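J.: So that we are looking at the same thing, I have put the structure below in C-alpha cells.
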Amino acid sequence: MALGTVLWLAVVARSDAVGVVVGLGLVGAALTGAAVAVPVLLGPALAALTGAYVALLVIDDPPLATRAAGVAMALVVVGELVGWARELIGATRDEPGNAWRRPAWIAGVGMGALGLAWGVLAVADLARVQGLAIEAVGAMAALAALLVVRRGTAGPEA
Amino acid sequence: MTRAADARLGAYAVFAAGALVAALALRRTELAAIAAPFALLVALGVRARPPRLRAWFELDRERALEGDVLDATVTVRTDQAVDRVEVGLALPDGLELAEGRNPVALRLANGEERELPLQLRCVRWSSVEIGEVWLRARDHIGLVRFEGRIDRRRPLKIYPTAERLRSLVSPAHTQATTGSEVARLRGEGLEFADTRPFVPGDRVRTINWRATARRGALVVNERHPERNADVVVFLDSFAEARTSDEGTLERAVRTAATVAGRYLERRDRVGLVAFGGILRWLEPGGGLVQQYRLVDALLETGVEFSYAWKDVDVIPARTLPPRALVVAVTPLLDERSIGALLDLRGRGHDLVVLEVSPEPFLEPGRDRSDLAALRLWRLQRAELRARFERLGAAVATLDDDVTIEEALEGVRAYRRHARLVQR
C-alpha cells in the first residue's frame with residue numbers, strides 16, 4: 001500500500017519533483033515495513049510518506065490539491081494494515097468466521113478517511129472561494145449551533 | 001483491567017499534531033485534511049471504556065499420569081459487547097495443548113457467555129497450578145486495549161509413568177515382618193532351603209520322608225521365610241545435565257518412582273531421601289498412602305542451586321534404617337552426593353547405584369581438545385564407577401538405550417557375583 005502510494009505520487013508529480021517524492025516515499029515504505037517489527041517506526045513512516053506528498057505540494061504548488069483525500073485514505077489504511085500485520089504475527093488466532101472483520105474494518109476506515117478529508121477540503125475550498133456558498137455554510141453552522149443549544153437547555157419531558 | 005495504548009495511538013496522535021502544525025506553517029489546507037482522519041481516530045480511540053469481563057476455568061481432574069489428556073474449559077462472559085477479546089490460558093511447564101485454540105480471539109455480543117473447550121496433554125511429571133486466564137480486549141478502533149489476568153488456579157499433579165519391572169534387586173537383609181522377599185535365614189516359609197536331622201520340637205509335617213527312608217534317620221526340611229525389606233530411594237538432586245526438553249532429573253524421578261512403586265507392591269517399606277540443595281526425606285513405610293506420599297515428594301523435587309556442603313550426617317537417622325537397601329538414583333555429577341554415597345557404603349549400607357547418564361544431554365565440541373576432554377571425562381566417570389564397585393556397590397547406567405529393567409538385571413548379576421566372592 002505504501003509503495004502504491006509512492007508510485008501514484010511519482011506518476012502525478014512534475015518531473016522536477018519526482019526524485020524527491022520517490023526518495024522520501026521509498027524511505028516511508030521501508031519504515032512502514034520495519035514498523036511491523038518495531039511499532040515505534042510507524043509515526044516516522046507516516047511522516048516520511050506525507051513528506052513525499054508535501055514535497056509534491058511545495059514544488060508543484062497547486063491552488064488546492066484534492067489528492068490530499070486520497071493520500072489521507074492511503075495513510076490511514078497503511079497505519080491500520082501495520083496494526084493488523086502485528087496482530088497476525090502474534091500467537092492469537094481469530095475464531096473461525098471472524099477473520100474477515102478486520103479487513104472489512106480497514107476498508108471502512110479508509111473510506112471514512114477519504115470522506116472526511118474530502119469534507120475538510122470542500123470546506124476549505126468554500127472558504128477560499130468566499131462566495132454565496134460560504135454564507136450558506138455559515139448559516140447552516142449557526143442553525144446547527146442553535147439546535148444544539150436548544151436541545152441542551154430543554155427540560156425533561158413530562 | 002489495565003489500560004494500555006496500542007503503538008498506533010501514539011503514532012497517530014503525533015502524526016496528526018505534526019501534520020496540523022505543518023498545515024499552519026506551510027499554509028496548506030491539504031495537510032489539515034490529511035491530519036483530520038487521524039485526529040478523529042485518536043479522539044474516538046481514547047474514549048474507549050474497559051469492558052466488564054469475567055472468566056472461569058474448569059479441569060476434569062486433579063491428578064493425572066504423564067501422557068494423559070485432560071479436558072479443560074475456559075468460560076468467558078461479558079455484560080457488554082466486545083469487538084475483540086483475546087482469551088488465553090497460561091500453560092505451566094509439563095502441559096501442552098492437545099486440541100483447541102489457545103489463545104483465541106473472540107467477538108462477544110452483549111451479555112454473551114462463551115465456553116472454550118481445550119484438551120491438554122500432560123507431557124512431563126510435575127506438580128503445577130493451572131487456571132490463570134489472561135484477557136485482552138479492545139474496541140472497534142483498537143487504539144486502546146484492556147488487559148487483565150483472572151486467577152482461577154487449582155493444583156494439578158502429574159505423576160510419572162512407571163516402567164514395567166518384572167523383578168527387582170533383592171536386598172541383602174530382610175526385616176522381621178512378612179513380605180514377598182525370600183529371606184536368607186531359615187524358618188517357616190515356602191521356599192525350600194536345606195535338610196537337617198530331626199531334633200525334638202520339630203513339627204512332624206516338616207519331616208522329609210524320602211530323605212528319612214534313604215538315611216535311616218529322621219530328616220526334616222528347612223525353608224526360607226518370606227519377609228519384607230526396608231528400601232530407601234536416594235535421589236540425587238544436587239545437579240543435572242539437561243537440554244531444553246529433558247534432563248537427568250526427569251529420568252531420575254521417573255526411575256525412582258518406578259522402583260519405589262514396585263518395591264511397595266511387594267509389601268516392602270520404602271523411604272525417600274532427596275539429597276540436594278534442599279534436603280527432603282520420607283521415613284520408610286508401606287502401602288498405598290506411602291506410595292502417594294512418595295510420588296508427591298518426588299514431584300516437589302527440583303535442582304536447587306546450593307554451595308553448602310552436605311554429607312550423610314544431615315539425613316535424619318530414622319530415614320536410613322541400618323539394614324535397609326539404599327537404591328541411589330544419581331547422575332554422579334556432584335561431589336557432595338558422590339561423597340555421601342561412598343560414606344553410606346563405608347558405613348555398611350547395602351548400596352545400589354543407578355546412574356542416570358548425563359551423556360545423552362551433552363553436546364561435545366568438535367575440535368581435538370574438546371574430544372580429548374570428553375575422553376578424559378569419560379575415563380574419570382569409569383574410574384568412579386569402578387571405585388563404587390570395589391567397595392561392593394553395584395553401579396548400573398541408565399541411558400537412551402538401557403531401560404530400568406536392563407539396568408537392574410546388571411545390578412542383580414553383579415550382586416550374585418559379589419556374593420560368591422564374599423563367600
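We label chains A, B, ... in the order they appear in the C-alpha cells, count residues from 1 in each chain, and number ligands from 1 in the order shown.
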Can you pull out every residue within 10 Å of segment 401-408 of chain B, counting only C-alpha atoms, but drop anything in the same chain fewer than 4 positions away, and send it as an MDAnalysis selection string?
T.: chainID B and resid 163:169 254:256 258:259 352:356 394:397 412:414
J.: Go ahead and save the residues from that selection, with C-alpha atoms, as a PDB file, in the first residue's frame.
T.:
ATOM      1  CA  GLU B 163       8.127 -48.537  33.653  1.00  0.00           C
ATOM      2  CA  ARG B 164       7.083 -52.176  33.990  1.00  0.00           C
ATOM      3  CA  LEU B 165       9.577 -54.157  36.032  1.00  0.00           C
ATOM      4  CA  ARG B 166       9.421 -57.910  36.284  1.00  0.00           C
ATOM      5  CA  SER B 167      11.978 -58.244  39.041  1.00  0.00           C
ATOM      6  CA  LEU B 168      13.875 -56.073  41.441  1.00  0.00           C
ATOM      7  CA  VAL B 169      17.168 -56.112  43.287  1.00  0.00           C
ATOM      8  CA  ARG B 254      10.817 -41.466  36.754  1.00  0.00           C
ATOM      9  CA  THR B 255      13.262 -44.197  37.738  1.00  0.00           C
ATOM     10  CA  ALA B 256      12.833 -43.507  41.443  1.00  0.00           C
ATOM     11  CA  THR B 258       9.151 -46.834  39.195  1.00  0.00           C
ATOM     12  CA  VAL B 259      11.488 -48.571  41.607  1.00  0.00           C
ATOM     13  CA  VAL B 352      22.946 -49.953  44.627  1.00  0.00           C
ATOM     14  CA  VAL B 353      23.770 -47.054  42.320  1.00  0.00           C
ATOM     15  CA  LEU B 354      21.559 -46.425  39.302  1.00  0.00           C
ATOM     16  CA  GLU B 355      23.497 -43.870  37.311  1.00  0.00           C
ATOM     17  CA  VAL B 356      21.318 -41.697  35.080  1.00  0.00           C
ATOM     18  CA  ALA B 394      26.764 -52.253  42.102  1.00  0.00           C
ATOM     19  CA  VAL B 395      26.562 -49.470  39.512  1.00  0.00           C
ATOM     20  CA  ALA B 396      24.213 -49.657  36.550  1.00  0.00           C
ATOM     21  CA  THR B 397      23.955 -46.962  33.917  1.00  0.00           C
ATOM     22  CA  ARG B 412      21.474 -58.431  40.044  1.00  0.00           C
ATOM     23  CA  ALA B 413      24.244 -60.112  38.050  1.00  0.00           C
ATOM     24  CA  TYR B 414      26.880 -58.070  39.877  1.00  0.00           C
TER      25      TYR B 414
END
J.: Find the spatial neighbours of Ala68 of chain A, counting only C-alpha atoms, within a cut-off of 9 Å - ignore same-chain residues fewer than 5 positions away - and output them as a PDB file with N, CA and C atoms, in the first residue's frame.
T.:
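selection38.pdb was written with the following content:
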ATOM      1  N   TYR A  53       4.427  13.697  -0.158  1.00  0.00           N
ATOM      2  CA  TYR A  53       3.302  14.491  -0.676  1.00  0.00           C
ATOM      3  C   TYR A  53       3.555  15.989  -0.477  1.00  0.00           C
ATOM      4  N   MET A  73      -6.512   8.749   2.898  1.00  0.00           N
ATOM      5  CA  MET A  73      -7.049   7.387   2.907  1.00  0.00           C
ATOM      6  C   MET A  73      -5.898   6.364   2.891  1.00  0.00           C
ATOM      7  N   LEU A 114     -11.308   8.939   3.601  1.00  0.00           N
ATOM      8  CA  LEU A 114     -11.447   9.612   2.301  1.00  0.00           C
ATOM      9  C   LEU A 114     -12.568  10.658   2.372  1.00  0.00           C
ATOM     10  N   ALA A 117     -11.596  13.640   4.717  1.00  0.00           N
ATOM     11  CA  ALA A 117     -10.620  14.527   4.086  1.00  0.00           C
ATOM     12  C   ALA A 117     -11.278  15.320   2.958  1.00  0.00           C
ATOM     13  N   TRP A 118     -12.159  14.653   2.232  1.00  0.00           N
ATOM     14  CA  TRP A 118     -12.905  15.364   1.190  1.00  0.00           C
ATOM     15  C   TRP A 118     -13.723  16.492   1.813  1.00  0.00           C
ATOM     16  N   LEU A 121     -11.517  19.378   2.756  1.00  0.00           N
ATOM     17  CA  LEU A 121     -11.077  20.092   1.547  1.00  0.00           C
ATOM     18  C   LEU A 121     -12.226  20.915   0.958  1.00  0.00           C
TER      19      LEU A 121
ATOM     20  N   GLU B  30      -4.367  21.086   2.603  1.00  0.00           N
ATOM     21  CA  GLU B  30      -4.318  19.652   2.308  1.00  0.00           C
ATOM     22  C   GLU B  30      -3.749  18.857   3.483  1.00  0.00           C
ATOM     23  N   LEU B  31      -2.781  19.456   4.157  1.00  0.00           N
ATOM     24  CA  LEU B  31      -2.187  18.740   5.304  1.00  0.00           C
ATOM     25  C   LEU B  31      -3.189  18.612   6.450  1.00  0.00           C
ATOM     26  N   ALA B  33      -6.345  18.338   5.971  1.00  0.00           N
ATOM     27  CA  ALA B  33      -7.266  17.279   5.522  1.00  0.00           C
ATOM     28  C   ALA B  33      -6.672  15.899   5.788  1.00  0.00           C
ATOM     29  N   ILE B  34      -5.351  15.798   5.614  1.00  0.00           N
ATOM     30  CA  ILE B  34      -4.699  14.505   5.902  1.00  0.00           C
ATOM     31  C   ILE B  34      -4.718  14.215   7.400  1.00  0.00           C
TER      32      ILE B  34
END
J.: Where in segment 56-197 of chain B does DSSP assign strand (DSSP E or B), given as a ChimeraX atom specification?
T.: /B:56-59,63-65,69-78,82-89,95-99,104-108,113-122,126-138,144-159,178-182,187,191-197
J.: Taking only C-alpha atoms into account, which residues of chain B are within 10 Å of chain A, as a ChimeraX atom specification?
T.: /B:6-16,18-19,22-23,26,28-38,40-41,83-88,101-107,140-143
J.: Could you find all residues in segment 229-389 of chain B that DSSP calls alpha helix (DSSP H) from the backbone, and write them as a PDB file with N, CA and C atoms, in the first residue's frame?
T.:
ATOM      1  N   THR B 248      18.506 -34.994  33.251  1.00  0.00           N
ATOM      2  CA  THR B 248      18.725 -36.212  34.039  1.00  0.00           C
ATOM      3  C   THR B 248      17.744 -36.293  35.209  1.00  0.00           C
ATOM      4  N   LEU B 249      17.313 -35.125  35.730  1.00  0.00           N
ATOM      5  CA  LEU B 249      16.415 -35.172  36.882  1.00  0.00           C
ATOM      6  C   LEU B 249      15.079 -35.819  36.521  1.00  0.00           C
ATOM      7  N   GLU B 250      14.556 -35.484  35.336  1.00  0.00           N
ATOM      8  CA  GLU B 250      13.292 -36.098  34.907  1.00  0.00           C
ATOM      9  C   GLU B 250      13.423 -37.624  34.881  1.00  0.00           C
ATOM     10  N   ARG B 251      14.510 -38.089  34.275  1.00  0.00           N
ATOM     11  CA  ARG B 251      14.715 -39.539  34.194  1.00  0.00           C
ATOM     12  C   ARG B 251      14.924 -40.137  35.577  1.00  0.00           C
ATOM     13  N   ALA B 252      15.641 -39.393  36.420  1.00  0.00           N
ATOM     14  CA  ALA B 252      15.910 -39.906  37.764  1.00  0.00           C
ATOM     15  C   ALA B 252      14.613 -40.036  38.558  1.00  0.00           C
ATOM     16  N   VAL B 253      13.764 -39.031  38.453  1.00  0.00           N
ATOM     17  CA  VAL B 253      12.490 -39.087  39.191  1.00  0.00           C
ATOM     18  C   VAL B 253      11.624 -40.225  38.664  1.00  0.00           C
ATOM     19  N   ARG B 254      11.614 -40.378  37.335  1.00  0.00           N
ATOM     20  CA  ARG B 254      10.817 -41.466  36.754  1.00  0.00           C
ATOM     21  C   ARG B 254      11.350 -42.818  37.239  1.00  0.00           C
ATOM     22  N   THR B 255      12.655 -42.943  37.274  1.00  0.00           N
ATOM     23  CA  THR B 255      13.262 -44.197  37.738  1.00  0.00           C
ATOM     24  C   THR B 255      12.945 -44.433  39.210  1.00  0.00           C
ATOM     25  N   ALA B 256      13.090 -43.374  40.009  1.00  0.00           N
ATOM     26  CA  ALA B 256      12.833 -43.507  41.443  1.00  0.00           C
ATOM     27  C   ALA B 256      11.379 -43.889  41.695  1.00  0.00           C
ATOM     28  N   ALA B 257      10.459 -43.267  40.957  1.00  0.00           N
ATOM     29  CA  ALA B 257       9.036 -43.585  41.149  1.00  0.00           C
ATOM     30  C   ALA B 257       8.750 -45.025  40.740  1.00  0.00           C
ATOM     31  N   THR B 258       9.372 -45.456  39.661  1.00  0.00           N
ATOM     32  CA  THR B 258       9.151 -46.834  39.195  1.00  0.00           C
ATOM     33  C   THR B 258       9.650 -47.839  40.225  1.00  0.00           C
ATOM     34  N   VAL B 259      10.876 -47.621  40.664  1.00  0.00           N
ATOM     35  CA  VAL B 259      11.488 -48.571  41.607  1.00  0.00           C
ATOM     36  C   VAL B 259      10.723 -48.571  42.932  1.00  0.00           C
ATOM     37  N   ALA B 260      10.407 -47.369  43.426  1.00  0.00           N
ATOM     38  CA  ALA B 260       9.704 -47.283  44.714  1.00  0.00           C
ATOM     39  C   ALA B 260       8.338 -47.947  44.627  1.00  0.00           C
ATOM     40  N   GLY B 261       7.623 -47.686  43.532  1.00  0.00           N
ATOM     41  CA  GLY B 261       6.295 -48.280  43.378  1.00  0.00           C
ATOM     42  C   GLY B 261       6.354 -49.793  43.335  1.00  0.00           C
ATOM     43  N   ARG B 262       7.353 -50.311  42.654  1.00  0.00           N
ATOM     44  CA  ARG B 262       7.463 -51.767  42.527  1.00  0.00           C
ATOM     45  C   ARG B 262       7.810 -52.407  43.879  1.00  0.00           C
ATOM     46  N   TYR B 263       8.682 -51.774  44.635  1.00  0.00           N
ATOM     47  CA  TYR B 263       9.005 -52.331  45.959  1.00  0.00           C
ATOM     48  C   TYR B 263       7.771 -52.281  46.871  1.00  0.00           C
ATOM     49  N   LEU B 264       7.008 -51.206  46.768  1.00  0.00           N
ATOM     50  CA  LEU B 264       5.808 -51.108  47.608  1.00  0.00           C
ATOM     51  C   LEU B 264       4.798 -52.188  47.244  1.00  0.00           C
ATOM     52  N   GLU B 265       4.743 -52.527  45.960  1.00  0.00           N
ATOM     53  CA  GLU B 265       3.832 -53.611  45.555  1.00  0.00           C
ATOM     54  C   GLU B 265       4.227 -54.929  46.214  1.00  0.00           C
ATOM     55  N   GLY B 287       2.426 -49.445  51.794  1.00  0.00           N
ATOM     56  CA  GLY B 287       1.027 -49.245  51.447  1.00  0.00           C
ATOM     57  C   GLY B 287       0.802 -48.145  50.426  1.00  0.00           C
ATOM     58  N   LEU B 288      -0.479 -48.016  50.083  1.00  0.00           N
ATOM     59  CA  LEU B 288      -0.863 -47.068  49.037  1.00  0.00           C
ATOM     60  C   LEU B 288      -0.624 -45.625  49.461  1.00  0.00           C
ATOM     61  N   VAL B 289      -0.880 -45.357  50.747  1.00  0.00           N
ATOM     62  CA  VAL B 289      -0.691 -43.988  51.236  1.00  0.00           C
ATOM     63  C   VAL B 289       0.772 -43.583  51.091  1.00  0.00           C
ATOM     64  N   GLN B 290       1.664 -44.519  51.437  1.00  0.00           N
ATOM     65  CA  GLN B 290       3.091 -44.226  51.312  1.00  0.00           C
ATOM     66  C   GLN B 290       3.460 -44.000  49.847  1.00  0.00           C
ATOM     67  N   GLN B 291       2.823 -44.732  48.962  1.00  0.00           N
ATOM     68  CA  GLN B 291       3.113 -44.544  47.541  1.00  0.00           C
ATOM     69  C   GLN B 291       2.742 -43.126  47.099  1.00  0.00           C
ATOM     70  N   TYR B 292       1.574 -42.652  47.529  1.00  0.00           N
ATOM     71  CA  TYR B 292       1.179 -41.277  47.186  1.00  0.00           C
ATOM     72  C   TYR B 292       2.126 -40.268  47.819  1.00  0.00           C
ATOM     73  N   ARG B 293       2.515 -40.540  49.079  1.00  0.00           N
ATOM     74  CA  ARG B 293       3.454 -39.626  49.744  1.00  0.00           C
ATOM     75  C   ARG B 293       4.768 -39.546  48.971  1.00  0.00           C
ATOM     76  N   LEU B 294       5.226 -40.723  48.558  1.00  0.00           N
ATOM     77  CA  LEU B 294       6.499 -40.778  47.831  1.00  0.00           C
ATOM     78  C   LEU B 294       6.433 -40.002  46.522  1.00  0.00           C
ATOM     79  N   VAL B 295       5.366 -40.251  45.784  1.00  0.00           N
ATOM     80  CA  VAL B 295       5.267 -39.588  44.478  1.00  0.00           C
ATOM     81  C   VAL B 295       5.104 -38.079  44.674  1.00  0.00           C
ATOM     82  N   ASP B 296       4.312 -37.690  45.660  1.00  0.00           N
ATOM     83  CA  ASP B 296       4.171 -36.251  45.928  1.00  0.00           C
ATOM     84  C   ASP B 296       5.512 -35.630  46.286  1.00  0.00           C
ATOM     85  N   ALA B 297       6.291 -36.345  47.095  1.00  0.00           N
ATOM     86  CA  ALA B 297       7.615 -35.824  47.467  1.00  0.00           C
ATOM     87  C   ALA B 297       8.530 -35.756  46.249  1.00  0.00           C
ATOM     88  N   LEU B 298       8.413 -36.755  45.369  1.00  0.00           N
ATOM     89  CA  LEU B 298       9.245 -36.740  44.161  1.00  0.00           C
ATOM     90  C   LEU B 298       8.865 -35.579  43.240  1.00  0.00           C
ATOM     91  N   LEU B 299       7.561 -35.283  43.171  1.00  0.00           N
ATOM     92  CA  LEU B 299       7.115 -34.194  42.303  1.00  0.00           C
ATOM     93  C   LEU B 299       7.647 -32.848  42.769  1.00  0.00           C
ATOM     94  N   GLU B 335      30.022 -33.669  43.595  1.00  0.00           N
ATOM     95  CA  GLU B 335      30.936 -34.291  44.564  1.00  0.00           C
ATOM     96  C   GLU B 335      30.241 -34.585  45.888  1.00  0.00           C
ATOM     97  N   ARG B 336      29.289 -33.736  46.271  1.00  0.00           N
ATOM     98  CA  ARG B 336      28.642 -33.910  47.572  1.00  0.00           C
ATOM     99  C   ARG B 336      27.823 -35.192  47.610  1.00  0.00           C
ATOM    100  N   SER B 337      27.087 -35.462  46.537  1.00  0.00           N
ATOM    101  CA  SER B 337      26.277 -36.681  46.552  1.00  0.00           C
ATOM    102  C   SER B 337      27.162 -37.912  46.375  1.00  0.00           C
ATOM    103  N   ILE B 338      28.221 -37.772  45.568  1.00  0.00           N
ATOM    104  CA  ILE B 338      29.139 -38.912  45.413  1.00  0.00           C
ATOM    105  C   ILE B 338      29.787 -39.238  46.755  1.00  0.00           C
ATOM    106  N   GLY B 339      30.217 -38.189  47.451  1.00  0.00           N
ATOM    107  CA  GLY B 339      30.814 -38.389  48.772  1.00  0.00           C
ATOM    108  C   GLY B 339      29.842 -39.021  49.748  1.00  0.00           C
ATOM    109  N   ALA B 340      28.582 -38.575  49.690  1.00  0.00           N
ATOM    110  CA  ALA B 340      27.574 -39.131  50.608  1.00  0.00           C
ATOM    111  C   ALA B 340      27.343 -40.607  50.326  1.00  0.00           C
ATOM    112  N   LEU B 341      27.310 -40.971  49.050  1.00  0.00           N
ATOM    113  CA  LEU B 341      27.078 -42.379  48.706  1.00  0.00           C
ATOM    114  C   LEU B 341      28.258 -43.252  49.149  1.00  0.00           C
ATOM    115  N   LEU B 342      29.466 -42.756  48.919  1.00  0.00           N
ATOM    116  CA  LEU B 342      30.647 -43.515  49.376  1.00  0.00           C
ATOM    117  C   LEU B 342      30.623 -43.653  50.895  1.00  0.00           C
ATOM    118  N   ASP B 343      30.186 -42.612  51.549  1.00  0.00           N
ATOM    119  CA  ASP B 343      30.087 -42.625  53.003  1.00  0.00           C
ATOM    120  C   ASP B 343      29.064 -43.660  53.475  1.00  0.00           C
ATOM    121  N   LEU B 344      27.928 -43.707  52.779  1.00  0.00           N
ATOM    122  CA  LEU B 344      26.887 -44.689  53.141  1.00  0.00           C
ATOM    123  C   LEU B 344      27.417 -46.107  52.997  1.00  0.00           C
ATOM    124  N   ARG B 345      28.116 -46.338  51.898  1.00  0.00           N
ATOM    125  CA  ARG B 345      28.678 -47.682  51.692  1.00  0.00           C
ATOM    126  C   ARG B 345      29.725 -47.986  52.754  1.00  0.00           C
ATOM    127  N   GLY B 346      30.515 -46.963  53.072  1.00  0.00           N
ATOM    128  CA  GLY B 346      31.526 -47.140  54.108  1.00  0.00           C
ATOM    129  C   GLY B 346      30.923 -47.466  55.461  1.00  0.00           C
ATOM    130  N   ARG B 368      39.960 -31.089  18.542  1.00  0.00           N
ATOM    131  CA  ARG B 368      40.685 -32.188  19.194  1.00  0.00           C
ATOM    132  C   ARG B 368      40.722 -32.032  20.708  1.00  0.00           C
ATOM    133  N   SER B 369      40.895 -30.793  21.152  1.00  0.00           N
ATOM    134  CA  SER B 369      40.970 -30.591  22.602  1.00  0.00           C
ATOM    135  C   SER B 369      39.642 -30.929  23.272  1.00  0.00           C
ATOM    136  N   ASP B 370      38.503 -30.599  22.598  1.00  0.00           N
ATOM    137  CA  ASP B 370      37.190 -30.933  23.158  1.00  0.00           C
ATOM    138  C   ASP B 370      37.014 -32.447  23.238  1.00  0.00           C
ATOM    139  N   LEU B 371      37.417 -33.125  22.183  1.00  0.00           N
ATOM    140  CA  LEU B 371      37.273 -34.588  22.175  1.00  0.00           C
ATOM    141  C   LEU B 371      38.178 -35.237  23.230  1.00  0.00           C
ATOM    142  N   ALA B 372      39.364 -34.664  23.396  1.00  0.00           N
ATOM    143  CA  ALA B 372      40.259 -35.187  24.431  1.00  0.00           C
ATOM    144  C   ALA B 372      39.660 -34.971  25.818  1.00  0.00           C
ATOM    145  N   ALA B 373      39.047 -33.791  26.001  1.00  0.00           N
ATOM    146  CA  ALA B 373      38.402 -33.504  27.290  1.00  0.00           C
ATOM    147  C   ALA B 373      37.261 -34.479  27.547  1.00  0.00           C
ATOM    148  N   LEU B 374      36.506 -34.788  26.491  1.00  0.00           N
ATOM    149  CA  LEU B 374      35.390 -35.733  26.641  1.00  0.00           C
ATOM    150  C   LEU B 374      35.904 -37.119  27.033  1.00  0.00           C
ATOM    151  N   ARG B 375      36.963 -37.535  26.376  1.00  0.00           N
ATOM    152  CA  ARG B 375      37.534 -38.854  26.712  1.00  0.00           C
ATOM    153  C   ARG B 375      38.012 -38.880  28.162  1.00  0.00           C
ATOM    154  N   LEU B 376      38.649 -37.796  28.571  1.00  0.00           N
ATOM    155  CA  LEU B 376      39.148 -37.712  29.942  1.00  0.00           C
ATOM    156  C   LEU B 376      38.000 -37.786  30.943  1.00  0.00           C
ATOM    157  N   TRP B 377      36.935 -37.068  30.610  1.00  0.00           N
ATOM    158  CA  TRP B 377      35.761 -37.050  31.484  1.00  0.00           C
ATOM    159  C   TRP B 377      35.143 -38.440  31.585  1.00  0.00           C
ATOM    160  N   ARG B 378      35.079 -39.140  30.447  1.00  0.00           N
ATOM    161  CA  ARG B 378      34.533 -40.499  30.467  1.00  0.00           C
ATOM    162  C   ARG B 378      35.412 -41.419  31.305  1.00  0.00           C
ATOM    163  N   LEU B 379      36.725 -41.239  31.190  1.00  0.00           N
ATOM    164  CA  LEU B 379      37.637 -42.063  31.995  1.00  0.00           C
ATOM    165  C   LEU B 379      37.438 -41.810  33.484  1.00  0.00           C
ATOM    166  N   GLN B 380      37.243 -40.549  33.830  1.00  0.00           N
ATOM    167  CA  GLN B 380      37.013 -40.216  35.245  1.00  0.00           C
ATOM    168  C   GLN B 380      35.749 -40.883  35.754  1.00  0.00           C
ATOM    169  N   ARG B 381      34.707 -40.888  34.905  1.00  0.00           N
ATOM    170  CA  ARG B 381      33.449 -41.495  35.340  1.00  0.00           C
ATOM    171  C   ARG B 381      33.602 -43.019  35.449  1.00  0.00           C
ATOM    172  N   ALA B 382      34.330 -43.595  34.529  1.00  0.00           N
ATOM    173  CA  ALA B 382      34.555 -45.048  34.610  1.00  0.00           C
ATOM    174  C   ALA B 382      35.332 -45.383  35.883  1.00  0.00           C
ATOM    175  N   GLU B 383      36.273 -44.547  36.209  1.00  0.00           N
ATOM    176  CA  GLU B 383      37.046 -44.780  37.432  1.00  0.00           C
ATOM    177  C   GLU B 383      36.157 -44.662  38.660  1.00  0.00           C
ATOM    178  N   LEU B 384      35.221 -43.702  38.609  1.00  0.00           N
ATOM    179  CA  LEU B 384      34.304 -43.515  39.732  1.00  0.00           C
ATOM    180  C   LEU B 384      33.409 -44.744  39.905  1.00  0.00           C
ATOM    181  N   ARG B 385      32.909 -45.261  38.779  1.00  0.00           N
ATOM    182  CA  ARG B 385      32.083 -46.477  38.853  1.00  0.00           C
ATOM    183  C   ARG B 385      32.895 -47.637  39.431  1.00  0.00           C
ATOM    184  N   ALA B 386      34.136 -47.743  38.973  1.00  0.00           N
ATOM    185  CA  ALA B 386      34.989 -48.827  39.468  1.00  0.00           C
ATOM    186  C   ALA B 386      35.236 -48.665  40.966  1.00  0.00           C
ATOM    187  N   ARG B 387      35.313 -47.439  41.404  1.00  0.00           N
ATOM    188  CA  ARG B 387      35.535 -47.186  42.835  1.00  0.00           C
ATOM    189  C   ARG B 387      34.348 -47.682  43.659  1.00  0.00           C
ATOM    190  N   PHE B 388      33.152 -47.416  43.167  1.00  0.00           N
ATOM    191  CA  PHE B 388      31.960 -47.918  43.859  1.00  0.00           C
ATOM    192  C   PHE B 388      31.973 -49.449  43.865  1.00  0.00           C
ATOM    193  N   GLU B 389      32.309 -50.034  42.728  1.00  0.00           N
ATOM    194  CA  GLU B 389      32.258 -51.493  42.635  1.00  0.00           C
ATOM    195  C   GLU B 389      33.325 -52.140  43.512  1.00  0.00           C
TER     196      GLU B 389
END
J.: Which value, in Å to one decimal, gives the distance between atom CA of Leu9 of chain A and atom CA of Leu24 of chain A?
T.: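 Calculated distance between atom CA of Leu9 of chain A and atom CA of Leu24 of chain A is 10.9 Å.
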J.: Rank B:Pro171, B:Asn208, B:Asp313, B:Arg196 by their smallest atom-to-atom distance to His349 of chain B, using only C-alpha atoms, and report the top residue only.
T.: B:Pro171
J.: Residues within 8 Å of segment 235-246 of chain B, please, as an mmCIF file with C-alpha atoms, in the first residue's frame. Count only C-alpha atoms; anything in the same chain fewer than 6 positions from it doesn't count.
T.:
data_model
loop_
_atom_site.group_PDB
_atom_site.id
_atom_site.type_symbol
_atom_site.label_atom_id
_atom_site.label_comp_id
_atom_site.auth_asym_id
_atom_site.auth_seq_id
_atom_site.Cartn_x
_atom_site.Cartn_y
_atom_site.Cartn_z
ATOM 1 C CA ALA B 252 15.910 -39.906 37.764
ATOM 2 C CA VAL B 253 12.490 -39.087 39.191
ATOM 3 C CA ALA B 256 12.833 -43.507 41.443
ATOM 4 C CA LEU B 272 12.976 -41.474 50.260
ATOM 5 C CA VAL B 273 15.926 -39.165 50.610
ATOM 6 C CA ALA B 274 16.059 -36.378 48.036
ATOM 7 C CA PHE B 275 19.591 -35.207 48.538
ATOM 8 C CA GLY B 276 20.209 -31.805 47.004
ATOM 9 C CA GLY B 277 20.165 -28.083 47.644
ATOM 10 C CA THR B 301 11.951 -32.351 43.850
ATOM 11 C CA GLY B 302 13.915 -29.892 41.800
ATOM 12 C CA VAL B 303 17.503 -28.901 41.310
ATOM 13 C CA GLU B 304 18.089 -26.084 43.773
ATOM 14 C CA PHE B 305 21.453 -24.481 43.394
ATOM 15 C CA SER B 306 23.497 -24.527 46.575
ATOM 16 C CA ALA B 328 20.678 -44.358 44.725
ATOM 17 C CA VAL B 329 19.449 -42.696 41.543
ATOM 18 C CA THR B 330 22.062 -40.174 40.533
ATOM 19 C CA PRO B 331 23.798 -38.647 37.530
ATOM 20 C CA LEU B 333 27.809 -35.175 38.730
ATOM 21 C CA ASP B 334 28.141 -33.565 42.132
ATOM 22 C CA ARG B 336 28.642 -33.910 47.572
ATOM 23 C CA SER B 337 26.277 -36.681 46.552
ATOM 24 C CA PRO B 358 24.300 -37.327 31.533
ATOM 25 C CA PHE B 361 22.396 -34.413 27.180
ATOM 26 C CA LEU B 362 25.924 -33.395 26.229
#
J.: Can you tell me how far atom CA of Ile207 of chain B sits from atom CA of Ala193 of chain B, in Å to one decimal?
T.: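 Computed distance, atom CA of Ile207 of chain B to atom CA of Ala193 of chain B, equals 13.6 Å.
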